[in-house]
$ cat start35.pdb   # PDB, C-alpha atoms and all ligand atoms
ATOM      1  CA  MET A   1     157.525-110.753 159.007  1.00  0.00           C
ATOM      2  CA  THR A   2     160.696-109.959 157.094  1.00  0.00           C
ATOM      3  CA  SER A   3     161.736-106.854 155.289  1.00  0.00           C
ATOM      4  CA  ASP A   4     163.989-106.880 152.246  1.00  0.00           C
ATOM      5  CA  VAL A   5     163.914-103.126 151.930  1.00  0.00           C
ATOM      6  CA  PRO A   6     167.110-101.555 153.228  1.00  0.00           C
ATOM      7  CA  LEU A   7     166.629 -98.621 155.539  1.00  0.00           C
ATOM      8  CA  ILE A   8     168.412 -95.817 153.754  1.00  0.00           C
ATOM      9  CA  ALA A   9     166.612 -92.876 155.323  1.00  0.00           C
ATOM     10  CA  PRO A  10     168.659 -91.078 157.965  1.00  0.00           C
ATOM     11  CA  ALA A  11     167.167 -91.242 161.428  1.00  0.00           C
ATOM     12  CA  SER A  12     166.871 -87.471 161.431  1.00  0.00           C
ATOM     13  CA  VAL A  13     164.253 -87.378 158.679  1.00  0.00           C
ATOM     14  CA  PRO A  14     160.859 -86.654 160.213  1.00  0.00           C
ATOM     15  CA  PRO A  15     157.659 -88.141 158.808  1.00  0.00           C
ATOM     16  CA  ALA A  16     155.650 -86.287 156.238  1.00  0.00           C
ATOM     17  CA  VAL A  17     153.029 -83.877 157.519  1.00  0.00           C
ATOM     18  CA  PRO A  18     149.508 -85.191 158.138  1.00  0.00           C
ATOM     19  CA  PRO A  19     147.077 -85.711 155.267  1.00  0.00           C
ATOM     20  CA  ILE A  20     145.636 -82.703 153.564  1.00  0.00           C
ATOM     21  CA  GLU A  21     142.048 -81.842 154.372  1.00  0.00           C
ATOM     22  CA  VAL A  22     140.342 -79.104 152.421  1.00  0.00           C
ATOM     23  CA  PRO A  23     136.606 -78.452 152.528  1.00  0.00           C
ATOM     24  CA  CYS A  24     134.734 -77.573 149.346  1.00  0.00           C
ATOM     25  CA  PRO A  25     133.990 -73.831 149.449  1.00  0.00           C
ATOM     26  CA  GLN A  26     130.463 -74.450 148.184  1.00  0.00           C
ATOM     27  CA  CYS A  27     129.389 -77.556 150.102  1.00  0.00           C
ATOM     28  CA  ALA A  28     131.735 -77.444 153.102  1.00  0.00           C
ATOM     29  CA  VAL A  29     132.308 -81.124 152.435  1.00  0.00           C
ATOM     30  CA  ARG A  30     135.868 -82.382 152.712  1.00  0.00           C
ATOM     31  CA  ALA A  31     137.652 -83.082 149.473  1.00  0.00           C
ATOM     32  CA  ASP A  32     138.344 -86.702 148.736  1.00  0.00           C
ATOM     33  CA  PRO A  33     142.009 -87.141 149.778  1.00  0.00           C
ATOM     34  CA  GLU A  34     142.888 -89.174 146.688  1.00  0.00           C
ATOM     35  CA  SER A  35     141.035 -87.505 143.845  1.00  0.00           C
ATOM     36  CA  LEU A  36     141.021 -84.053 145.517  1.00  0.00           C
ATOM     37  CA  ARG A  37     137.457 -83.621 144.335  1.00  0.00           C
ATOM     38  CA  CYS A  38     134.395 -82.644 146.328  1.00  0.00           C
ATOM     39  CA  PRO A  39     132.391 -85.840 146.933  1.00  0.00           C
ATOM     40  CA  SER A  40     129.205 -83.797 146.775  1.00  0.00           C
ATOM     41  CA  CYS A  41     129.467 -81.476 143.758  1.00  0.00           C
ATOM     42  CA  ARG A  42     132.500 -83.161 142.099  1.00  0.00           C
ATOM     43  CA  GLU A  43     134.323 -79.822 141.962  1.00  0.00           C
ATOM     44  CA  ASP A  44     138.062 -80.292 141.400  1.00  0.00           C
ATOM     45  CA  LEU A  45     139.699 -78.854 144.505  1.00  0.00           C
ATOM     46  CA  ALA A  46     143.312 -79.641 143.595  1.00  0.00           C
ATOM     47  CA  ALA A  47     144.164 -76.005 142.879  1.00  0.00           C
ATOM     48  CA  LEU A  48     142.670 -74.937 146.196  1.00  0.00           C
ATOM     49  CA  VAL A  49     144.619 -77.643 147.989  1.00  0.00           C
ATOM     50  CA  ARG A  50     147.860 -76.492 146.358  1.00  0.00           C
ATOM     51  CA  LEU A  51     147.148 -72.910 147.334  1.00  0.00           C
ATOM     52  CA  ARG A  52     146.299 -73.570 150.934  1.00  0.00           C
ATOM     53  CA  TYR A  53     148.837 -76.291 151.541  1.00  0.00           C
ATOM     54  CA  ALA A  54     151.688 -75.113 149.333  1.00  0.00           C
ATOM     55  CA  GLY A  55     154.019 -75.181 152.328  1.00  0.00           C
ATOM     56  CA  ARG A  56     153.130 -78.746 153.238  1.00  0.00           C
ATOM     57  CA  ILE A  57     153.418 -79.940 149.682  1.00  0.00           C
ATOM     58  CA  ASP A  58     156.886 -78.385 149.454  1.00  0.00           C
ATOM     59  CA  TYR A  59     157.764 -79.901 152.819  1.00  0.00           C
ATOM     60  CA  ASN A  60     156.721 -83.369 151.722  1.00  0.00           C
ATOM     61  CA  GLU A  61     158.814 -82.983 148.581  1.00  0.00           C
ATOM     62  CA  ALA A  62     161.718 -81.817 150.724  1.00  0.00           C
ATOM     63  CA  VAL A  63     161.439 -84.953 152.862  1.00  0.00           C
ATOM     64  CA  ALA A  64     161.607 -87.015 149.682  1.00  0.00           C
ATOM     65  CA  ALA A  65     164.653 -85.014 148.544  1.00  0.00           C
ATOM     66  CA  VAL A  66     166.424 -85.621 151.870  1.00  0.00           C
ATOM     67  CA  ARG A  67     165.685 -89.321 151.601  1.00  0.00           C
ATOM     68  CA  ALA A  68     167.159 -89.272 148.117  1.00  0.00           C
ATOM     69  CA  GLY A  69     170.266 -87.574 149.495  1.00  0.00           C
ATOM     70  CA  ASP A  70     169.596 -84.288 147.718  1.00  0.00           C
ATOM     71  CA  ASP A  71     170.123 -81.820 150.556  1.00  0.00           C
ATOM     72  CA  PRO A  72     170.525 -78.722 148.328  1.00  0.00           C
ATOM     73  CA  ALA A  73     167.144 -79.352 146.702  1.00  0.00           C
ATOM     74  CA  ALA A  74     165.611 -80.006 150.100  1.00  0.00           C
ATOM     75  CA  ARG A  75     166.946 -76.697 151.380  1.00  0.00           C
ATOM     76  CA  VAL A  76     165.286 -74.798 148.523  1.00  0.00           C
ATOM     77  CA  LEU A  77     161.989 -76.608 149.078  1.00  0.00           C
ATOM     78  CA  LEU A  78     162.069 -76.060 152.834  1.00  0.00           C
ATOM     79  CA  ARG A  79     162.746 -72.349 152.481  1.00  0.00           C
ATOM     80  CA  ARG A  80     159.822 -72.120 150.090  1.00  0.00           C
ATOM     81  CA  ALA A  81     157.666 -74.148 152.472  1.00  0.00           C
ATOM     82  CA  LEU A  82     158.456 -71.786 155.329  1.00  0.00           C
ATOM     83  CA  ALA A  83     157.786 -68.746 153.165  1.00  0.00           C
ATOM     84  CA  ALA A  84     154.335 -70.155 152.421  1.00  0.00           C
ATOM     85  CA  GLU A  85     153.647 -71.367 155.955  1.00  0.00           C
ATOM     86  CA  PRO A  86     156.013 -69.861 158.564  1.00  0.00           C
ATOM     87  CA  GLY A  87     154.412 -71.896 161.356  1.00  0.00           C
ATOM     88  CA  LEU A  88     155.264 -75.212 159.734  1.00  0.00           C
ATOM     89  CA  GLN A  89     157.476 -76.470 162.552  1.00  0.00           C
ATOM     90  CA  PRO A  90     158.602 -79.776 160.987  1.00  0.00           C
ATOM     91  CA  ALA A  91     159.934 -77.827 157.999  1.00  0.00           C
ATOM     92  CA  ARG A  92     161.847 -75.491 160.311  1.00  0.00           C
ATOM     93  CA  GLU A  93     163.425 -78.414 162.132  1.00  0.00           C
ATOM     94  CA  LEU A  94     164.330 -80.273 158.962  1.00  0.00           C
ATOM     95  CA  LEU A  95     165.805 -77.097 157.453  1.00  0.00           C
ATOM     96  CA  ALA A  96     168.074 -76.771 160.484  1.00  0.00           C
ATOM     97  CA  VAL A  97     169.246 -80.361 159.990  1.00  0.00           C
ATOM     98  CA  VAL A  98     169.841 -79.882 156.270  1.00  0.00           C
ATOM     99  CA  GLU A  99     171.652 -76.581 156.703  1.00  0.00           C
ATOM    100  CA  ALA A 100     173.880 -78.027 159.399  1.00  0.00           C
ATOM    101  CA  ARG A 101     174.753 -80.864 157.058  1.00  0.00           C
ATOM    102  CA  LEU A 102     175.442 -78.564 154.126  1.00  0.00           C
ATOM    103  CA  GLY A 103     177.693 -76.470 156.317  1.00  0.00           C
ATOM    104  CA  ALA A 104     176.533 -73.245 157.868  1.00  0.00           C
ATOM    105  CA  GLY A 105     179.628 -71.425 156.648  1.00  0.00           C
ATOM    106  CA  SER A 106     178.967 -71.927 152.938  1.00  0.00           C
ATOM    107  CA  GLY A 107     175.401 -70.661 153.089  1.00  0.00           C
ATOM    108  CA  GLY A 108     175.700 -66.966 152.274  1.00  0.00           C
ATOM    109  CA  THR A 109     172.412 -65.323 151.373  1.00  0.00           C
TER     110      THR A 109
HETATM  111 ZN    ZN A 201     131.300 -79.248 146.669  1.00  0.00          ZN
END

$ encode --input "start35.pdb" --output "structure tokens" --more "lines below"
Ligand SMILES: [Zn+2]
Amino acid sequence: MTSDVPLIAPASVPPAVPPIEVPCPQCAVRADPESLRCPSCREDLAALVRLRYAGRIDYNEAVAAVRAGDDPAARVLLRRALAAEPGLQPARELLAVVEARLGAGSGGT
């Protein structure tokens, strides 16, 4: 088993948050994780998912930004993620890493 893919991600980047699970408000059936539709009534639950998991979606995008080396973009996304979901601990930890790297002194408000 060989891997040609170079490991460019810093060791400090945590994994993305667990998969999103949103039940259909009408059927209480979990949305299909790929189509984001209710398997029972076929209702499109994507908007509901975005609403409820806005913080996680921003966090996942922030992880991608960090991997791409775009710390400033990651910082914006992580702050937004924490505004949407203050208890999102992985976002808090990654924000600390990113802010330390960007330099705490240049932050301002
Ligand atoms: Zn349904």

$ resolve_selection --input "start35.pdb" --expression "the PyMOL selection byres (((chain A and resi 44-50) around 10) and not hetatm)" --output "PDB file with C-alpha atoms, in the coordinates of the input"
ATOM      1  CA  ILE A  20     145.636 -82.703 153.564  1.00  0.00           C
ATOM      2  CA  GLU A  21     142.048 -81.842 154.372  1.00  0.00           C
ATOM      3  CA  VAL A  22     140.342 -79.104 152.421  1.00  0.00           C
ATOM      4  CA  PRO A  23     136.606 -78.452 152.528  1.00  0.00           C
ATOM      5  CA  CYS A  24     134.734 -77.573 149.346  1.00  0.00           C
ATOM      6  CA  PRO A  25     133.990 -73.831 149.449  1.00  0.00           C
ATOM      7  CA  ARG A  30     135.868 -82.382 152.712  1.00  0.00           C
ATOM      8  CA  ALA A  31     137.652 -83.082 149.473  1.00  0.00           C
ATOM      9  CA  ASP A  32     138.344 -86.702 148.736  1.00  0.00           C
ATOM     10  CA  PRO A  33     142.009 -87.141 149.778  1.00  0.00           C
ATOM     11  CA  SER A  35     141.035 -87.505 143.845  1.00  0.00           C
ATOM     12  CA  LEU A  36     141.021 -84.053 145.517  1.00  0.00           C
ATOM     13  CA  ARG A  37     137.457 -83.621 144.335  1.00  0.00           C
ATOM     14  CA  CYS A  38     134.395 -82.644 146.328  1.00  0.00           C
ATOM     15  CA  PRO A  39     132.391 -85.840 146.933  1.00  0.00           C
ATOM     16  CA  CYS A  41     129.467 -81.476 143.758  1.00  0.00           C
ATOM     17  CA  ARG A  42     132.500 -83.161 142.099  1.00  0.00           C
ATOM     18  CA  GLU A  43     134.323 -79.822 141.962  1.00  0.00           C
ATOM     19  CA  LEU A  51     147.148 -72.910 147.334  1.00  0.00           C
ATOM     20  CA  ARG A  52     146.299 -73.570 150.934  1.00  0.00           C
ATOM     21  CA  TYR A  53     148.837 -76.291 151.541  1.00  0.00           C
ATOM     22  CA  ALA A  54     151.688 -75.113 149.333  1.00  0.00           C
ATOM     23  CA  GLY A  55     154.019 -75.181 152.328  1.00  0.00           C
ATOM     24  CA  ARG A  56     153.130 -78.746 153.238  1.00  0.00           C
ATOM     25  CA  ILE A  57     153.418 -79.940 149.682  1.00  0.00           C
ATOM     26  CA  ASP A  58     156.886 -78.385 149.454  1.00  0.00           C
TER      27      ASP A  58
END

$ residues_around --input "start35.pdb" --residues "Pro86 in chain A" --least-positions-apart "4" --cutoff "12 Å" --atoms "only C-alpha atoms" --output "ChimeraX atom specification"
/A:53-56,59,78-82,90-93

$ atom_distance --input "start35.pdb" --atom1 "CA of Pro72 in chain A" --atom2 "CA of Glu85 in chain A"
19.9 Å

$ residues_near_point --input "start35.pdb" --point "(165.9, -79.9, 148.7)" --cutoff "10 Å" --atoms "all atoms listed in the file" --output "list in words"
Asp58, Tyr59, Glu61, Ala62, Val63, Ala64, Ala65, Val66, Arg67, Ala68, Gly69, Asp70, Asp71, Pro72, Ala73, Ala74, Arg75, Val76, Leu77, Leu78, Arg79, Arg80, Leu95 and Val98 of chain A

$ write_last_selection --input "start35.pdb" --atoms "C-alpha atoms" --output "PDB file, in the frame of the given file"
ATOM      1  CA  ASP A  58     156.886 -78.385 149.454  1.00  0.00           C
ATOM      2  CA  TYR A  59     157.764 -79.901 152.819  1.00  0.00           C
ATOM      3  CA  GLU A  61     158.814 -82.983 148.581  1.00  0.00           C
ATOM      4  CA  ALA A  62     161.718 -81.817 150.724  1.00  0.00           C
ATOM      5  CA  VAL A  63     161.439 -84.953 152.862  1.00  0.00           C
ATOM      6  CA  ALA A  64     161.607 -87.015 149.682  1.00  0.00           C
ATOM      7  CA  ALA A  65     164.653 -85.014 148.544  1.00  0.00           C
ATOM      8  CA  VAL A  66     166.424 -85.621 151.870  1.00  0.00           C
ATOM      9  CA  ARG A  67     165.685 -89.321 151.601  1.00  0.00           C
ATOM     10  CA  ALA A  68     167.159 -89.272 148.117  1.00  0.00           C
ATOM     11  CA  GLY A  69     170.266 -87.574 149.495  1.00  0.00           C
ATOM     12  CA  ASP A  70     169.596 -84.288 147.718  1.00  0.00           C
ATOM     13  CA  ASP A  71     170.123 -81.820 150.556  1.00  0.00           C
ATOM     14  CA  PRO A  72     170.525 -78.722 148.328  1.00  0.00           C
ATOM     15  CA  ALA A  73     167.144 -79.352 146.702  1.00  0.00           C
ATOM     16  CA  ALA A  74     165.611 -80.006 150.100  1.00  0.00           C
ATOM     17  CA  ARG A  75     166.946 -76.697 151.380  1.00  0.00           C
ATOM     18  CA  VAL A  76     165.286 -74.798 148.523  1.00  0.00           C
ATOM     19  CA  LEU A  77     161.989 -76.608 149.078  1.00  0.00           C
ATOM     20  CA  LEU A  78     162.069 -76.060 152.834  1.00  0.00           C
ATOM     21  CA  ARG A  79     162.746 -72.349 152.481  1.00  0.00           C
ATOM     22  CA  ARG A  80     159.822 -72.120 150.090  1.00  0.00           C
ATOM     23  CA  LEU A  95     165.805 -77.097 157.453  1.00  0.00           C
ATOM     24  CA  VAL A  98     169.841 -79.882 156.270  1.00  0.00           C
TER      25      VAL A  98
END

$ atom_distance --input "start35.pdb" --atom1 "atom ZN of ligand ZN 201 (chain A)" --atom2 "CA of Ala28 in chain A"
6.7 Å

$ atom_distance --input "start35.pdb" --atom1 "CA of Ala83 in chain A" --atom2 "CA of Gln26 in chain A"
28.4 Å
